[in-house]
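Just below is one structure, and these are the notes that go with it.
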Amino acid sequence: MQAVIRSRLSALAFVLSLAALARPSAQQPSDGLPYGPSPVGFRVVTTTDATRANRGVRIHVWYPATATAQPLKLGDYLDTEVARRREQIADLTTMASRVFGPVPDGSIDAILNAPLRATRDAPAVATRAPLIVAQLRPLSNAHTFEVLASHGYVVGAVEYARVDTGAGAPLQREGRSTDGLRRDLDVAIDRLRAELFVAPGPIGAFGFSGAGVPAIALAAARGDVAALALFETGWHGSLGSSLSTIPGFDLARVRAPLLFAWGAGMDAADAHLADLRAMASQPKSIAWTRAAGLTHWDLASEGYLGAADPHWRAADRSAVRAIFEEAHALLIAFFDRHLGRRPAASIPTPHFKLEALATR
């Protein structure tokens with residue numbers, strides 16, 4: 001009984017520590033986002049996995065830099081190959097039209113030309129920074145990874161590459177794919193730990209939407225994941241998801257402290273809550289949020305930039321942008337506390353309700 005009480009008090013203390021972000025900050029974030037003091041560099045590195053027929057792994061890396069010159073625009077994170085880039089822009093246009101409504105002329109160009117912070121191949125700082133890994137979403141997490149790097153983290157995001165899943169039932173094949181993507185993250189960790197600017201020791205994991213599922217698998221497979229943060233990650237409940245078909249996978253093996261941010265589409269009856277309770281993470285917290293017109297994509301760069309367009313979207317645009325900014329304040333506070341081992345910044349998050357979640 002005392003152990004249960006201590007566990008619940010620990011979870012409550014974590015929620016209260018995040019709620020303390022509501023105190024005004026002496027240094028407000030520029031452009032509304034909680035950028036840190038460090039310039040940000042960006043580069044792409046490649047490696048192979050000899051255990052899987054030299055499978056290629058491409059890793060997009062954001063890191064603290066000594067100085068930056070010409071910053072990237074969002075569209076600079078698209079594929080450099082012309083046909084693939086054209087396909088990505090078409091996918092963005094289709095998604096934006098379906099989710100946000102008909103796209104006004106020039107709005108996609110405005111999103112792609114939005115200025116960001118990172119500079120390609122900028123010199124890295126001489127100190128070693130904690131590593132956070134993720135599955136790459138080429139546009140969706142550009143702001144997220146830049147903000148993390150500006151606070152002194154190295155982010156390694158692995159490009160999606162199709163996994164050969166062989167024959168079998170669809171769910172079994174999905175499980176092999178998820179496990180293969182998890183193994184790509186393992187390869188990325190080994191590769192990036194060879195960099196002089198990456199610290200040894202515990203790592204963090206982040207995921208947005210479906211890209212969070214391999215991060216969950218990673219946290220279950222490795223004991224050195226010190227913090228797991230998920231934005232809008234859905235997986236249909238453990239018994240009906242690809243996770244359940246991975247050999248040896250068990251939600252109870254996910255022990256890293258957890259931050260789970262969710263907006264539109266989840267309520268107290270959602271089946272994901274049972275899965276979250278089954279995780280052994282201590283502490284763990286759900287950050288709930290709501291706003292008129294809020295969508296799944298509003299915790300991603302596409303939604304954040306689209307909400308800045310006064311001619312687009314039937315939504316509370318100021319609230320949608322504030323939610324994105326506050327989610328990143330929570331994210332930085334979470335990683336600072338559990339991975340960076342340093343005092344969390346104090347930034348207001350009035351659009352979020354924070355709830356501690358007990359382990360079942």
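Naming scheme: A, B, ... for chains in displayed order of the structure tokens; residues 1 onward per chain; ligands 1 onward as shown.
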- [ ] Excluding stretch 249-255 of chain A and residues on its chain fewer than 2 positions from it, collect all residues at most 10 Å away from it, counting only C-alpha atoms, and give them as a count of residues only.
- [x] 34
Open item on the list: At a cut-off of 9 Å, using only C-alpha atoms, what residues contact stretch 151-160 of chain A? Leave out same-chain residues fewer than 4 positions from it and give the result as a VMD selection string.
Closed with: chain A and resid 35 to 38 57 to 64 128 to 138 145 to 147 181 184 to 185 188 to 189 192 197 to 199 332 336 340
Using the selection just defined, write its residues with N, CA and C atoms as an mmCIF file, in the first residue's frame.
data_model
loop_
_atom_site.group_PDB
_atom_site.id
_atom_site.type_symbol
_atom_site.label_atom_id
_atom_site.label_comp_id
_atom_site.auth_asym_id
_atom_site.auth_seq_id
_atom_site.Cartn_x
_atom_site.Cartn_y
_atom_site.Cartn_z
ATOM 1 N N TYR A 35 11.688 28.931 -27.748
ATOM 2 C CA TYR A 35 13.051 28.657 -28.189
ATOM 3 C C TYR A 35 14.024 28.902 -27.051
ATOM 4 N N GLY A 36 15.101 28.106 -27.027
ATOM 5 C CA GLY A 36 16.149 28.284 -26.048
ATOM 6 C C GLY A 36 17.239 29.198 -26.573
ATOM 7 N N PRO A 37 18.333 29.309 -25.831
ATOM 8 C CA PRO A 37 19.378 30.270 -26.188
ATOM 9 C C PRO A 37 20.333 29.816 -27.279
ATOM 10 N N SER A 38 20.358 28.527 -27.602
ATOM 11 C CA SER A 38 21.381 28.021 -28.514
ATOM 12 C C SER A 38 20.982 28.175 -29.973
ATOM 13 N N VAL A 57 20.116 3.516 -43.353
ATOM 14 C CA VAL A 57 19.369 4.330 -42.400
ATOM 15 C C VAL A 57 19.838 5.776 -42.549
ATOM 16 N N ARG A 58 18.910 6.667 -42.898
ATOM 17 C CA ARG A 58 19.212 8.099 -43.025
ATOM 18 C C ARG A 58 18.634 8.831 -41.813
ATOM 19 N N ILE A 59 19.460 9.650 -41.194
ATOM 20 C CA ILE A 59 19.084 10.307 -39.944
ATOM 21 C C ILE A 59 19.195 11.821 -40.126
ATOM 22 N N HIS A 60 18.092 12.513 -39.895
ATOM 23 C CA HIS A 60 18.088 13.975 -39.906
ATOM 24 C C HIS A 60 18.418 14.429 -38.481
ATOM 25 N N VAL A 61 19.420 15.279 -38.361
ATOM 26 C CA VAL A 61 19.959 15.629 -37.045
ATOM 27 C C VAL A 61 19.875 17.133 -36.817
ATOM 28 N N TRP A 62 19.243 17.514 -35.717
ATOM 29 C CA TRP A 62 19.228 18.894 -35.234
ATOM 30 C C TRP A 62 20.085 18.934 -33.970
ATOM 31 N N TYR A 63 20.879 19.981 -33.810
ATOM 32 C CA TYR A 63 21.842 19.979 -32.709
ATOM 33 C C TYR A 63 22.184 21.417 -32.314
ATOM 34 N N PRO A 64 22.649 21.616 -31.066
ATOM 35 C CA PRO A 64 23.110 22.943 -30.656
ATOM 36 C C PRO A 64 24.349 23.326 -31.462
ATOM 37 N N ARG A 128 28.981 17.923 -25.147
ATOM 38 C CA ARG A 128 28.096 16.803 -25.500
ATOM 39 C C ARG A 128 26.681 17.063 -24.973
ATOM 40 N N ALA A 129 25.684 16.816 -25.806
ATOM 41 C CA ALA A 129 24.291 17.094 -25.464
ATOM 42 C C ALA A 129 23.491 15.800 -25.427
ATOM 43 N N PRO A 130 22.453 15.724 -24.567
ATOM 44 C CA PRO A 130 21.610 14.523 -24.518
ATOM 45 C C PRO A 130 20.915 14.270 -25.852
ATOM 46 N N LEU A 131 20.706 13.000 -26.162
ATOM 47 C CA LEU A 131 20.118 12.585 -27.434
ATOM 48 C C LEU A 131 18.648 12.234 -27.282
ATOM 49 N N ILE A 132 17.837 12.737 -28.224
ATOM 50 C CA ILE A 132 16.424 12.370 -28.350
ATOM 51 C C ILE A 132 16.235 11.807 -29.749
ATOM 52 N N VAL A 133 15.592 10.642 -29.865
ATOM 53 C CA VAL A 133 15.378 10.034 -31.178
ATOM 54 C C VAL A 133 13.892 10.005 -31.500
ATOM 55 N N ALA A 134 13.623 9.951 -32.814
ATOM 56 C CA ALA A 134 12.243 9.984 -33.290
ATOM 57 C C ALA A 134 12.196 9.398 -34.684
ATOM 58 N N GLN A 135 10.979 9.073 -35.112
ATOM 59 C CA GLN A 135 10.735 8.730 -36.505
ATOM 60 C C GLN A 135 10.423 10.033 -37.228
ATOM 61 N N LEU A 136 11.052 10.265 -38.354
ATOM 62 C CA LEU A 136 10.937 11.546 -39.043
ATOM 63 C C LEU A 136 9.563 11.740 -39.667
ATOM 64 N N ARG A 137 8.982 12.906 -39.446
ATOM 65 C CA ARG A 137 7.893 13.436 -40.258
ATOM 66 C C ARG A 137 8.495 14.687 -40.910
ATOM 67 N N PRO A 138 8.750 14.706 -42.208
ATOM 68 C CA PRO A 138 9.592 15.737 -42.816
ATOM 69 C C PRO A 138 9.207 17.175 -42.495
ATOM 70 N N PHE A 145 11.665 19.905 -33.374
ATOM 71 C CA PHE A 145 13.061 19.487 -33.274
ATOM 72 C C PHE A 145 13.989 20.696 -33.169
ATOM 73 N N GLU A 146 13.638 21.792 -33.820
ATOM 74 C CA GLU A 146 14.446 22.992 -33.668
ATOM 75 C C GLU A 146 14.362 23.547 -32.245
ATOM 76 N N VAL A 147 13.162 23.556 -31.673
ATOM 77 C CA VAL A 147 13.008 24.039 -30.296
ATOM 78 C C VAL A 147 13.828 23.180 -29.339
ATOM 79 N N LEU A 181 11.171 -0.573 -37.807
ATOM 80 C CA LEU A 181 11.388 0.860 -37.614
ATOM 81 C C LEU A 181 12.010 1.130 -36.243
ATOM 82 N N ASP A 184 15.585 0.537 -36.613
ATOM 83 C CA ASP A 184 16.228 1.689 -37.248
ATOM 84 C C ASP A 184 16.616 2.732 -36.203
ATOM 85 N N LEU A 185 15.753 2.925 -35.204
ATOM 86 C CA LEU A 185 16.072 3.864 -34.129
ATOM 87 C C LEU A 185 17.283 3.379 -33.332
ATOM 88 N N ALA A 188 20.266 4.260 -35.309
ATOM 89 C CA ALA A 188 20.522 5.702 -35.240
ATOM 90 C C ALA A 188 21.202 6.077 -33.924
ATOM 91 N N ILE A 189 20.778 5.455 -32.839
ATOM 92 C CA ILE A 189 21.398 5.737 -31.536
ATOM 93 C C ILE A 189 22.880 5.374 -31.561
ATOM 94 N N LEU A 192 24.780 7.936 -33.814
ATOM 95 C CA LEU A 192 24.907 9.295 -33.301
ATOM 96 C C LEU A 192 25.769 9.353 -32.043
ATOM 97 N N PHE A 197 29.490 15.567 -30.344
ATOM 98 C CA PHE A 197 28.551 16.469 -29.665
ATOM 99 C C PHE A 197 27.366 15.740 -29.038
ATOM 100 N N VAL A 198 27.379 14.413 -29.044
ATOM 101 C CA VAL A 198 26.297 13.624 -28.448
ATOM 102 C C VAL A 198 26.781 12.999 -27.146
ATOM 103 N N ALA A 199 25.999 13.180 -26.083
ATOM 104 C CA ALA A 199 26.370 12.658 -24.768
ATOM 105 C C ALA A 199 26.093 11.155 -24.692
ATOM 106 N N ILE A 332 9.564 20.796 -23.386
ATOM 107 C CA ILE A 332 10.872 21.196 -22.893
ATOM 108 C C ILE A 332 10.983 20.953 -21.391
ATOM 109 N N ASP A 336 13.692 18.465 -19.847
ATOM 110 C CA ASP A 336 14.651 19.069 -18.919
ATOM 111 C C ASP A 336 14.648 18.341 -17.573
ATOM 112 N N GLY A 340 17.525 16.036 -19.318
ATOM 113 C CA GLY A 340 18.558 17.032 -19.127
ATOM 114 C C GLY A 340 18.976 17.206 -17.682
#
- [ ] Using only C-alpha atoms, find the one residue out of A:Thr93, A:Ser107, A:Asn54, A:Gln172 that sits nearest to A:His311.
- [x]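 Checking each candidate against A:His311, we get A:Ser107 as the closest.
Proximity to A:Arg290 at 10 Å, evaluated using only C-alpha atoms and with sequence-adjacent residues fewer than 2 positions away removed, yields Trp262, Gly263, Ala264, Gly265, Met266, Trp288, Ala292, Gly293, Leu294, Thr295, Ala319, Val320, Ile323, His351, Phe352 and Lys353 of chain A.
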Open item on the list: For the structure I just gave you, how does DSSP split stretch 89-212 of chain A - specifically, which residues are strand (DSSP E)? Reply as a PyMOL selection string.
Closed with: chain A and resi 119-120+129-135+154-158+198-208
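If only C-alpha atoms are the atoms counted, then among A:Leu112, A:Ala122, A:Ala205, A:Val187 the closest residue to A:Phe335 is A:Ala205.
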List the neighbours of A:Trp297 out to 10 Å using only C-alpha atoms; skip same-chain residues closer than 5 positions along the sequence, and give me the result as a tab-separated table (two decimals) with N, CA and C atoms, in the first residue's frame.
chain	number	residue	atom	x	y	z
A	95	MET	N	-3.77	16.84	-47.73
A	95	MET	CA	-4.07	16.76	-46.30
A	95	MET	C	-4.65	18.06	-45.79
A	96	ALA	N	-4.03	19.18	-46.16
A	96	ALA	CA	-4.49	20.48	-45.66
A	96	ALA	C	-5.91	20.77	-46.13
A	99	VAL	N	-8.32	18.41	-44.10
A	99	VAL	CA	-8.41	18.64	-42.67
A	99	VAL	C	-8.81	20.07	-42.33
A	100	PHE	N	-8.24	21.04	-43.05
A	100	PHE	CA	-8.44	22.45	-42.70
A	100	PHE	C	-9.46	23.16	-43.58
A	140	SER	N	6.18	17.90	-40.27
A	140	SER	CA	5.33	18.00	-39.08
A	140	SER	C	6.08	18.40	-37.82
A	208	PHE	N	5.19	11.88	-32.87
A	208	PHE	CA	3.93	12.54	-33.22
A	208	PHE	C	3.11	11.60	-34.09
A	209	SER	N	1.83	11.49	-33.77
A	209	SER	CA	0.90	10.67	-34.55
A	209	SER	C	1.42	9.23	-34.62
A	231	PHE	N	2.94	13.06	-28.87
A	231	PHE	CA	1.92	14.03	-29.26
A	231	PHE	C	0.94	13.35	-30.21
A	232	GLU	N	-0.32	13.23	-29.81
A	232	GLU	CA	-1.37	12.74	-30.70
A	232	GLU	C	-1.05	11.37	-31.30
A	263	GLY	N	-5.29	16.20	-28.04
A	263	GLY	CA	-6.32	17.22	-28.19
A	263	GLY	C	-7.62	16.63	-28.69
A	264	ALA	N	-7.99	17.01	-29.91
A	264	ALA	CA	-9.27	16.59	-30.47
A	264	ALA	C	-9.34	15.07	-30.59
A	302	GLU	N	2.37	21.91	-39.69
A	302	GLU	CA	1.40	22.26	-40.72
A	302	GLU	C	0.21	23.02	-40.12
A	303	GLY	N	-0.29	22.53	-38.97
A	303	GLY	CA	-1.41	23.19	-38.34
A	303	GLY	C	-1.04	24.53	-37.76
A	304	TYR	N	0.14	24.59	-37.16
A	304	TYR	CA	0.60	25.84	-36.53
A	304	TYR	C	0.73	26.95	-37.57
A	306	GLY	N	-0.61	26.92	-40.67
A	306	GLY	CA	-1.89	27.15	-41.33
A	306	GLY	C	-2.82	28.04	-40.52
A	324	PHE	N	-0.21	24.90	-29.64
A	324	PHE	CA	1.04	24.38	-30.18
A	324	PHE	C	2.23	24.90	-29.38
Contacts of A:Ala114 at 12 Å or less, counting only C-alpha atoms, minus same-chain residues fewer than 6 places along, as an mmCIF file with all heavy atoms, in the first residue's frame?
data_model
loop_
_atom_site.group_PDB
_atom_site.id
_atom_site.type_symbol
_atom_site.label_atom_id
_atom_site.label_comp_id
_atom_site.auth_asym_id
_atom_site.auth_seq_id
_atom_site.Cartn_x
_atom_site.Cartn_y
_atom_site.Cartn_z
ATOM 1 N N PRO A 71 19.211 30.838 -42.159
ATOM 2 C CA PRO A 71 18.319 29.806 -41.619
ATOM 3 C C PRO A 71 17.494 29.140 -42.718
ATOM 4 O O PRO A 71 17.230 29.726 -43.771
ATOM 5 C CB PRO A 71 17.426 30.593 -40.656
ATOM 6 C CG PRO A 71 17.423 31.984 -41.186
ATOM 7 C CD PRO A 71 18.789 32.190 -41.782
ATOM 8 N N LEU A 72 17.109 27.925 -42.436
ATOM 9 C CA LEU A 72 16.267 27.170 -43.364
ATOM 10 C C LEU A 72 14.829 27.662 -43.328
ATOM 11 O O LEU A 72 14.378 28.272 -42.350
ATOM 12 C CB LEU A 72 16.301 25.686 -42.996
ATOM 13 C CG LEU A 72 17.659 24.987 -43.083
ATOM 14 C CD1 LEU A 72 17.566 23.593 -42.483
ATOM 15 C CD2 LEU A 72 18.141 24.924 -44.524
ATOM 16 N N LYS A 73 14.114 27.373 -44.401
ATOM 17 C CA LYS A 73 12.662 27.519 -44.440
ATOM 18 C C LYS A 73 12.048 26.131 -44.290
ATOM 19 O O LYS A 73 12.728 25.118 -44.480
ATOM 20 C CB LYS A 73 12.223 28.166 -45.752
ATOM 21 C CG LYS A 73 12.785 29.560 -45.963
ATOM 22 C CD LYS A 73 12.406 30.094 -47.341
ATOM 23 C CE LYS A 73 13.013 31.470 -47.563
ATOM 24 N NZ LYS A 73 12.688 31.991 -48.920
ATOM 25 N N LEU A 74 10.758 26.085 -43.963
ATOM 26 C CA LEU A 74 10.129 24.777 -43.750
ATOM 27 C C LEU A 74 10.297 23.891 -44.983
ATOM 28 O O LEU A 74 10.593 22.698 -44.870
ATOM 29 C CB LEU A 74 8.647 24.944 -43.413
ATOM 30 C CG LEU A 74 7.930 23.640 -43.063
ATOM 31 C CD1 LEU A 74 8.412 23.093 -41.725
ATOM 32 C CD2 LEU A 74 6.415 23.823 -43.038
ATOM 33 N N GLY A 75 10.125 24.449 -46.165
ATOM 34 C CA GLY A 75 10.220 23.659 -47.382
ATOM 35 C C GLY A 75 11.592 23.080 -47.634
ATOM 36 O O GLY A 75 11.731 22.116 -48.397
ATOM 37 N N ASP A 76 12.618 23.635 -46.972
ATOM 38 C CA ASP A 76 13.965 23.089 -47.133
ATOM 39 C C ASP A 76 14.100 21.705 -46.515
ATOM 40 O O ASP A 76 15.092 21.003 -46.791
ATOM 41 C CB ASP A 76 14.993 24.028 -46.500
ATOM 42 C CG ASP A 76 15.110 25.344 -47.244
ATOM 43 O OD1 ASP A 76 14.918 25.347 -48.475
ATOM 44 O OD2 ASP A 76 15.374 26.375 -46.598
ATOM 45 N N TYR A 77 13.145 21.314 -45.675
ATOM 46 C CA TYR A 77 13.190 19.986 -45.076
ATOM 47 C C TYR A 77 12.557 18.915 -45.965
ATOM 48 O O TYR A 77 12.572 17.739 -45.615
ATOM 49 C CB TYR A 77 12.488 20.000 -43.715
ATOM 50 C CG TYR A 77 13.280 20.707 -42.640
ATOM 51 C CD1 TYR A 77 12.733 21.770 -41.926
ATOM 52 C CD2 TYR A 77 14.576 20.318 -42.330
ATOM 53 C CE1 TYR A 77 13.450 22.414 -40.923
ATOM 54 C CE2 TYR A 77 15.300 20.959 -41.346
ATOM 55 C CZ TYR A 77 14.736 22.007 -40.644
ATOM 56 O OH TYR A 77 15.451 22.644 -39.667
ATOM 57 N N SER A 107 -1.428 29.783 -49.994
ATOM 58 C CA SER A 107 -1.263 29.372 -48.595
ATOM 59 C C SER A 107 -0.232 28.254 -48.436
ATOM 60 O O SER A 107 0.529 28.244 -47.457
ATOM 61 C CB SER A 107 -2.605 28.936 -48.007
ATOM 62 O OG SER A 107 -3.470 30.051 -47.886
ATOM 63 N N ILE A 108 -0.195 27.310 -49.359
ATOM 64 C CA ILE A 108 0.819 26.249 -49.274
ATOM 65 C C ILE A 108 2.210 26.837 -49.458
ATOM 66 O O ILE A 108 3.160 26.487 -48.740
ATOM 67 C CB ILE A 108 0.539 25.146 -50.314
ATOM 68 C CG1 ILE A 108 -0.781 24.422 -49.982
ATOM 69 C CG2 ILE A 108 1.698 24.136 -50.333
ATOM 70 C CD1 ILE A 108 -0.808 23.721 -48.644
ATOM 71 N N LEU A 139 7.907 17.465 -42.418
ATOM 72 C CA LEU A 139 7.473 18.817 -42.103
ATOM 73 C C LEU A 139 6.878 18.927 -40.702
ATOM 74 O O LEU A 139 7.050 19.940 -40.025
ATOM 75 C CB LEU A 139 6.434 19.297 -43.123
ATOM 76 C CG LEU A 139 6.873 19.354 -44.587
ATOM 77 C CD1 LEU A 139 5.730 19.883 -45.446
ATOM 78 C CD2 LEU A 139 8.113 20.205 -44.770
ATOM 79 N N ALA A 142 9.248 19.914 -37.634
ATOM 80 C CA ALA A 142 10.381 20.807 -37.855
ATOM 81 C C ALA A 142 10.536 21.796 -36.707
ATOM 82 O O ALA A 142 11.634 21.980 -36.166
ATOM 83 C CB ALA A 142 10.220 21.543 -39.182
ATOM 84 N N HIS A 143 9.438 22.445 -36.313
ATOM 85 C CA HIS A 143 9.513 23.367 -35.181
ATOM 86 C C HIS A 143 9.915 22.623 -33.905
ATOM 87 O O HIS A 143 10.738 23.100 -33.120
ATOM 88 C CB HIS A 143 8.166 24.063 -34.964
ATOM 89 C CG HIS A 143 7.838 25.105 -35.985
ATOM 90 N ND1 HIS A 143 7.087 24.827 -37.098
ATOM 91 C CD2 HIS A 143 8.166 26.426 -36.054
ATOM 92 C CE1 HIS A 143 6.952 25.934 -37.814
ATOM 93 N NE2 HIS A 143 7.592 26.916 -37.214
ATOM 94 N N SER A 301 3.664 21.197 -37.286
ATOM 95 C CA SER A 301 3.994 22.472 -37.922
ATOM 96 C C SER A 301 2.963 22.878 -38.966
ATOM 97 O O SER A 301 2.682 24.075 -39.136
ATOM 98 C CB SER A 301 5.383 22.378 -38.580
ATOM 99 O OG SER A 301 6.402 22.286 -37.612
ATOM 100 N N GLU A 302 2.374 21.914 -39.692
ATOM 101 C CA GLU A 302 1.401 22.263 -40.715
ATOM 102 C C GLU A 302 0.211 23.018 -40.116
ATOM 103 O O GLU A 302 -0.252 24.024 -40.670
ATOM 104 C CB GLU A 302 0.895 21.003 -41.431
ATOM 105 C CG GLU A 302 1.958 20.252 -42.208
ATOM 106 C CD GLU A 302 2.597 19.135 -41.410
ATOM 107 O OE1 GLU A 302 2.639 19.231 -40.167
ATOM 108 O OE2 GLU A 302 3.052 18.154 -42.025
ATOM 109 N N TYR A 304 0.141 24.591 -37.155
ATOM 110 C CA TYR A 304 0.596 25.838 -36.533
ATOM 111 C C TYR A 304 0.725 26.947 -37.566
ATOM 112 O O TYR A 304 0.257 28.082 -37.357
ATOM 113 C CB TYR A 304 1.938 25.581 -35.856
ATOM 114 C CG TYR A 304 2.517 26.771 -35.132
ATOM 115 C CD1 TYR A 304 1.840 27.378 -34.079
ATOM 116 C CD2 TYR A 304 3.764 27.278 -35.503
ATOM 117 C CE1 TYR A 304 2.388 28.460 -33.400
ATOM 118 C CE2 TYR A 304 4.314 28.357 -34.830
ATOM 119 C CZ TYR A 304 3.624 28.946 -33.783
ATOM 120 O OH TYR A 304 4.165 30.020 -33.125
ATOM 121 N N LEU A 305 1.336 26.641 -38.704
ATOM 122 C CA LEU A 305 1.519 27.650 -39.734
ATOM 123 C C LEU A 305 0.210 27.958 -40.456
ATOM 124 O O LEU A 305 -0.069 29.112 -40.793
ATOM 125 C CB LEU A 305 2.584 27.193 -40.732
ATOM 126 C CG LEU A 305 3.995 27.072 -40.145
ATOM 127 C CD1 LEU A 305 4.935 26.418 -41.154
ATOM 128 C CD2 LEU A 305 4.529 28.439 -39.725
ATOM 129 N N GLY A 306 -0.608 26.922 -40.674
ATOM 130 C CA GLY A 306 -1.892 27.154 -41.330
ATOM 131 C C GLY A 306 -2.817 28.044 -40.518
ATOM 132 O O GLY A 306 -3.593 28.831 -41.068
ATOM 133 N N ALA A 308 -2.003 30.530 -38.867
ATOM 134 C CA ALA A 308 -1.569 31.931 -38.947
ATOM 135 C C ALA A 308 -2.192 32.650 -40.143
ATOM 136 O O ALA A 308 -2.096 33.873 -40.236
ATOM 137 C CB ALA A 308 -0.045 31.997 -39.032
ATOM 138 N N ASP A 309 -2.818 31.887 -41.052
ATOM 139 C CA ASP A 309 -3.405 32.468 -42.259
ATOM 140 C C ASP A 309 -4.800 32.986 -41.945
ATOM 141 O O ASP A 309 -5.708 32.200 -41.649
ATOM 142 C CB ASP A 309 -3.469 31.392 -43.346
ATOM 143 C CG ASP A 309 -3.873 31.939 -44.699
ATOM 144 O OD1 ASP A 309 -4.579 32.963 -44.748
ATOM 145 O OD2 ASP A 309 -3.483 31.334 -45.720
#
Task: d(atom CA of A:Leu354, atom CA of A:His272) in Å - done: 16.4 Å
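Comparing the minimum interatomic distances between A:Pro200 and each of A:Val213, A:Leu339, A:Leu330, A:Ala50, counting only C-alpha atoms, we find that A:Leu339 sits nearest.
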